[in-house]
Amino acid sequence: MIEAEKISVEFKSGDRKINAVKEANITIGDGESIGLAGESGSGKTTLGKSLLALVKPKEGKVLWNGKNVFKIKGKDLKNFRRENQIIYQDPFDSIDIRMRIYDVISEGLTVQGFSKQEQREIIYSALKSVGLNPPEAYSNAFPTQLSGGQLQRVAIARSIVLNPKFIVADEPVSMLDVSIRSGILQIFQDMKEKGTSSLIISHDISTLAYVVDKIYIMYLGHVVEYGTTQQIIEKPLHPYTQALISAIPIPEPNHETEIKLVETNEPVPPKGCPLYPRCPFRKNVCLDNEPKMTEVEPGHYVSCHLY
Amino acid sequence: MRFSVPWRYLVKRIIERIILLIVIINFLFLIIYIIPIYVAHLNPAEFYVPLSYKGLSRSTEVEAIDREFGLNQPIFVQYIDYVKNMLTFHFGYSLIYDEPVSKIILQALPVDLIILVPSLILSTVFAIGLGLFSAVRFGRLSDSINTFFAILTYFIPGFWVLIIFLQIFGFQLGLFPTNIAQALISPSGAPLHGWAYIAGLIKFSIAPIIILALLAYGVRMALTRSYGVESMGSSYVTYLRAKGIPERSVVYKHVMRNAIIPAITRTGIDFAFVIAGSVFVEDIFGFYGMGELLYRSALTFNVQILGDAFYILSLYVIVVLLVLDFIYPLIDPRVKYE
Amino acid sequence: MNRLVNQLLHRKAFLISLVILLFFIFIASAANYLTPYKDPYTITSEQHLAAPYSIPIWARIFPQYSKYPPNTNMDLKSPLILGNGSESFNGTAYTVELKPSEYENLSFPLSWNYQYPYSFSISFIAIPHGQAAQINVLLKQQNKTYFLESFVPSADQILYTYPTCPLSMGKTNSITISSESLSSSNSPYVSTLPGNERYIASAILPQLIFKPGKYSVIISIENIGTSPLKVYIYQPKFSAVGRAYGILGTDNNGASVFAEFVLGARFDLEIAAIATLIIVGIGLIFGLVAGYVGGKVDLFLNALTDFFLTIPGLPLLITLETIFVVSGLILKIGIVPLLIAIIGGLSWMGTMKIIRSVTLSVRSRTFVEASKALGSGPFRIIRKHVLPNILGVVFAQIAYDVPVVILTESGLDFLGLGITKFPTWGNMLGYASAYTSPANGFVWWWVLPPGFAIIFLSVALYFIGSTLQDVLSPYKVRGE
């Protein structure tokens, strides 16, 4: 139901241009939970935000129920916003600390035209469902009085009160203590069971593996591989994916990482594969030709000249 | 460190400044010609005739000026003429002063520099000295007092201090001559020459120079202090201390180098605007510089000189700023070329 | 909100500043009650209240001013009677009855504890019944007698070698002898002075006559006719225009400096408030739009701001104002609105730059994007998120802009290019500077108050502004 076609995003910094996302395609079906992995700077967040029309791409379009989300206006836009939500990485920055928790959560409801009466009920039940009990105590508090984990729950509550069909979660647990991560991830699990589709962005592929059905791997703005969680974890094809998975610490003293990327200052070839400078398996063809996305097994796609 | 000339940035700056100059000329044309003619229904020729003029009837005179200055031409011809005259410094002849305007301006311009440049230098010395003093004593009482006085100088009306000073030390105590004419004659009334002339000038200028410096150092002192404090807290200073480099040397060699750059660059900007703010000191101490010229022209409604003096002041600002654009990259490697 | 007020009240600089600001607001708004005067510059009856350059009354605590006289008005009472006629007093009038060539002196004691006054006058009403009377008015101190004026019937004036004034027999004569009107043609004493003093007698008489000590005002009545004379003397009074007046003394016109000061305070605060609204209005709108919308709009607004920042401000102000005056447009607009418009219109740039930069930084915060993701439009985001977060800066800018407006406006007034017709702090200083010369010394009570007022008000606003910015800044709210 949300489909991105050849999205390219460019940022300008002074005279320099940075391609944050390059011709990325991604499809999220109803009720699907998708993971987007890659190291920092790979363009995951930018891609996630452009799905919600929060970043304007240079090229490409995002279709929501067949409508281009960058063109919709008025009532359509409002509905689009209600049905598609986002949760940010840093709850301290994504919540205006001048507002009480109640007002933070009610903002979306107010904008979407819910009456005051309706709001109170929805907000209290949302606070309960994200584990902030009793809701009366939290709703009057200021963000400064809450911990990071509690704030992230507030941020989630703010999104789910609108009863969205799709949620982008941008590194929702990376800023939180390990001890409270599982609680937050459980909320996503619950949402998934309710049929909400989601795009969970993370640099940590192991976290993703617990919650998502499919994983997309990004490198330097390119989607380099995607498939079901099982396919990606058990049979990573792209050298970069392999390196990512090798990097997951495994509690075995003699375990050796299999793939290591090359540390280098070599520039990325303008026409070739973005991984070329760091790839341990690089070939001449990789320098001049960018690999195309190919289906290696059903539902498992990779863009690499090795396949 | 290799220094590369940021050509793109410089060319961009030159173009910007030229556009600014053109805009100012247009703006002047607007307020000196368009507004009087079209809004106030007034003949600009009126501005050229001395109010006290006697002889030919005023309307005959105005007509003659119309012809002489081309003021009866269509407005776009006048516009072209005006732009051309401004760009080539043809300011015409002042009937009120009975002298060419360019001569009047050329006489006034250097007078400013006698007082303004030394006071600017002196205030920079105050700013850096007191700024470093405070930075080293950050958070202590002496720092608070020092900073408070610097802030205070933002808000002290300069003309007020000048008249108080003039009245107490000039009139009451007679410590220095109260106007420049008095300063440049000997007790017997003969004009001074040579060294005596210069000595008289210095004796007269020293008070306004010091006062102006004391009133102007505040902003740059605050700059020096805050950069100094920042620099004192930076990890490389901690590193220098850890290496055992004496505190004195850390402060005067390393911190100072970073802390004074903002004050110096700011001095450049102040230099650009210094003449513009000289009206008060010139009026109170009787210097006949650009500020006083502008002021007298305003008092006597001499629009012709007013416009030209304003143009020259703006041009001066633009030229100084342009020169600064070229100098800044040399003294401050952190300047961004954007 | 309570937390903010609490924080504010715990800062000494803020409290002191607030008290200073409130003081100025109080004297400005209570100006009508603090002083009876409306405009000492143009209403002549509000001038010459005391000597020009009178010191403040309280300044007499300083030794060099201790003997300066205040304005004095007193009824002359309990005279010492000397002479060979008969005299009676019924509570309102002295009745003097004289046979021919008899005389009677009413010698009123006057104890004068001061230095010389600016001027003095002696007045009374005399009704002489009879053929002819001479009424002499004298001032006496110990062994010195000053024969101020002599009144005789006009027919007899020719008989006297010294100057006399006419007296109407049988009618009411309102007699006022004022130092300012005495001259060698009407005063015997003045006519005995050396030539050069004679011409400036009206100015120097008080100095010649008065020093601390016991004086007597003598009204001497003599029957110069051949039949009995009866003279009624009513309401003898002595008054002196002093050289110490009011809370802040007087200016060169003898007008109350205190009146000018409070009227000036009212005007300065008014103009500062309105011009600041204009400055913050333009600065806030341009800054918000440039910072929030960004792109080409930002580029344009920023270039416009840079243009105004590069033009030398004070010369532009002077040039613009002159054009308006010369072209007569000032008559349509009026000087005050013009000044407000020009000062406001040329001072918004700094505010715009700062608002723009804080808006930029707030706009890049995630909660703004989050609000957009919830469906908020730009106006809602600006109202609910951007404005509350930059509020501290806006308040601070208001506090920083007021002093700039006051300084600029005062500067123009000082130069005589702004308001000259009614009192402002700026033109008080301008006149104080123009009318003081080595001769009248340092008129500190005229020069110092407006200057200190400008500084105190400015510094107070500065500290209020920086405290507000500090307390309202998001980092403080967050408790970091």
# chains A, B, ... in the order shown; residues from 1 in each chain; ligands from 1
call {"tool": "interface_residues", "arguments": {"of": "chain A", "to": "chain C", "cutoff": "8 Å", "atoms": "only C-alpha atoms", "output": "VMD selection string"}}
result
chain A and resid 52 54 77 to 78 81 to 82 85 to 86 88 93 to 98 107 to 108 111 to 112 144 159
call {"tool": "write_last_selection", "arguments": {"atoms": "C-alpha atoms", "output": "PDB file, in the first residue's frame"}}
result
ATOM      1  CA  LEU A  52       6.020   9.952   4.623  1.00  0.00           C
ATOM      2  CA  LEU A  54       8.741  14.600   5.236  1.00  0.00           C
ATOM      3  CA  LEU A  77      -2.964  15.023   2.999  1.00  0.00           C
ATOM      4  CA  LYS A  78      -4.631  15.036   6.385  1.00  0.00           C
ATOM      5  CA  ARG A  81      -0.840  11.940   7.851  1.00  0.00           C
ATOM      6  CA  ARG A  82      -3.355  10.182  10.091  1.00  0.00           C
ATOM      7  CA  GLN A  85       3.010   7.859  11.345  1.00  0.00           C
ATOM      8  CA  ILE A  86       6.613   8.113  12.423  1.00  0.00           C
ATOM      9  CA  TYR A  88      11.875   9.139  15.983  1.00  0.00           C
ATOM     10  CA  ASP A  93      14.315  16.034  20.465  1.00  0.00           C
ATOM     11  CA  SER A  94      11.089  14.772  18.961  1.00  0.00           C
ATOM     12  CA  ILE A  95       8.934  16.045  21.830  1.00  0.00           C
ATOM     13  CA  ASP A  96       8.498  19.760  22.473  1.00  0.00           C
ATOM     14  CA  ILE A  97       9.561  20.029  26.093  1.00  0.00           C
ATOM     15  CA  ARG A  98       7.309  23.021  26.651  1.00  0.00           C
ATOM     16  CA  GLU A 107      -1.704  17.454  19.183  1.00  0.00           C
ATOM     17  CA  GLY A 108      -2.344  14.948  16.406  1.00  0.00           C
ATOM     18  CA  VAL A 111      -5.187  18.560  14.173  1.00  0.00           C
ATOM     19  CA  GLN A 112      -7.210  15.629  12.935  1.00  0.00           C
ATOM     20  CA  THR A 144      11.591  16.926  31.581  1.00  0.00           C
ATOM     21  CA  SER A 159       1.605   8.149  16.944  1.00  0.00           C
TER      22      SER A 159
END
call {"tool": "residues_around", "arguments": {"residues": "Phe24 (chain C)", "least_positions_apart": "5", "cutoff": "9 Å", "atoms": "only C-alpha atoms", "output": "JSON, numbers by chain"}}
result
{"C": [19, 29, 262, 265, 266, 269, 453, 457]}
call {"tool": "write_last_selection", "arguments": {"atoms": "C-alpha atoms", "output": "mmCIF file, in the first residue's frame"}}
result
data_model
loop_
_atom_site.group_PDB
_atom_site.id
_atom_site.type_symbol
_atom_site.label_atom_id
_atom_site.label_comp_id
_atom_site.auth_asym_id
_atom_site.auth_seq_id
_atom_site.Cartn_x
_atom_site.Cartn_y
_atom_site.Cartn_z
ATOM 1 C CA VAL C 19 12.545 48.288 39.967
ATOM 2 C CA SER C 29 2.639 57.722 33.575
ATOM 3 C CA VAL C 262 9.249 63.656 33.619
ATOM 4 C CA ALA C 265 10.453 60.339 30.284
ATOM 5 C CA ARG C 266 6.868 60.016 29.148
ATOM 6 C CA LEU C 269 9.057 55.657 26.776
ATOM 7 C CA ALA C 453 18.120 58.150 32.954
ATOM 8 C CA LEU C 457 16.842 52.566 31.693
#
call {"tool": "interface_residues", "arguments": {"of": "chain B", "to": "chain C", "cutoff": "9 Å", "atoms": "only C-alpha atoms", "output": "PyMOL selection string"}}
result
chain B and resi 20+23-24+31-32+35-37+39-42+44+47+151-152+154-161+163-164+167-168+170-172+272-273+275-277+279-280+283-284+291+294-295+297-299+301-303+306-307+309-310+313-314+317-318+321
call {"tool": "closest_residue", "arguments": {"among": "A:Arg181, A:Arg16, A:Lys292, A:Lys71", "to": "chain B", "atoms": "only C-alpha atoms"}}
result
A:Arg16
call {"tool": "select_by_dssp", "arguments": {"residues": "region 69-289 of chain C", "states": "strand (DSSP E)", "output": "MDAnalysis selection string"}}
result
chainID C and resid 72:75 80:83 86:89 93:98 103:112 119:129 133:141 144:153 165:167 173:178 213:223 229:241
call {"tool": "residues_around", "arguments": {"residues": "Asn136 (chain C)", "least_positions_apart": "6", "cutoff": "10 Å", "atoms": "only C-alpha atoms", "output": "JSON, numbers by chain"}}
result
{"C": [105, 147, 148, 149, 150, 151, 152, 164, 165, 218, 219, 220, 221, 222]}
call {"tool": "select_by_dssp", "arguments": {"residues": "region 142-284 of chain B", "states": "alpha helix (DSSP H)", "output": "VMD selection string"}}
result
chain B and resid 142 to 155 158 to 165 180 to 183 194 to 216 218 to 232 235 to 242 247 to 249 256 to 273 279 to 284
call {"tool": "residues_around", "arguments": {"residues": "Pro57 (chain A)", "least_positions_apart": "2", "cutoff": "12 Å", "atoms": "only C-alpha atoms", "output": "PyMOL selection string"}}
result
chain A and resi 4-11+19-24+46-55+59-62+69-70
call {"tool": "residues_around", "arguments": {"residues": "region 212-225 of chain B", "least_positions_apart": "6", "cutoff": "9 Å", "atoms": "only C-alpha atoms", "output": "PyMOL selection string"}}
result
chain B and resi 115-116+118-136+138+147+149-158+161-162+256+258-264+266-267+281
call {"tool": "closest_residue", "arguments": {"among": "B:Ile25, B:Ile14, B:Ile211, B:Thr238", "to": "Leu87 (chain B)", "atoms": "only C-alpha atoms"}}
result
B:Ile25
call {"tool": "closest_residue", "arguments": {"among": "A:Tyr124, A:Phe166, A:Tyr216, A:Phe92", "to": "Ser303 (chain A)", "atoms": "only C-alpha atoms"}}
result
A:Tyr216
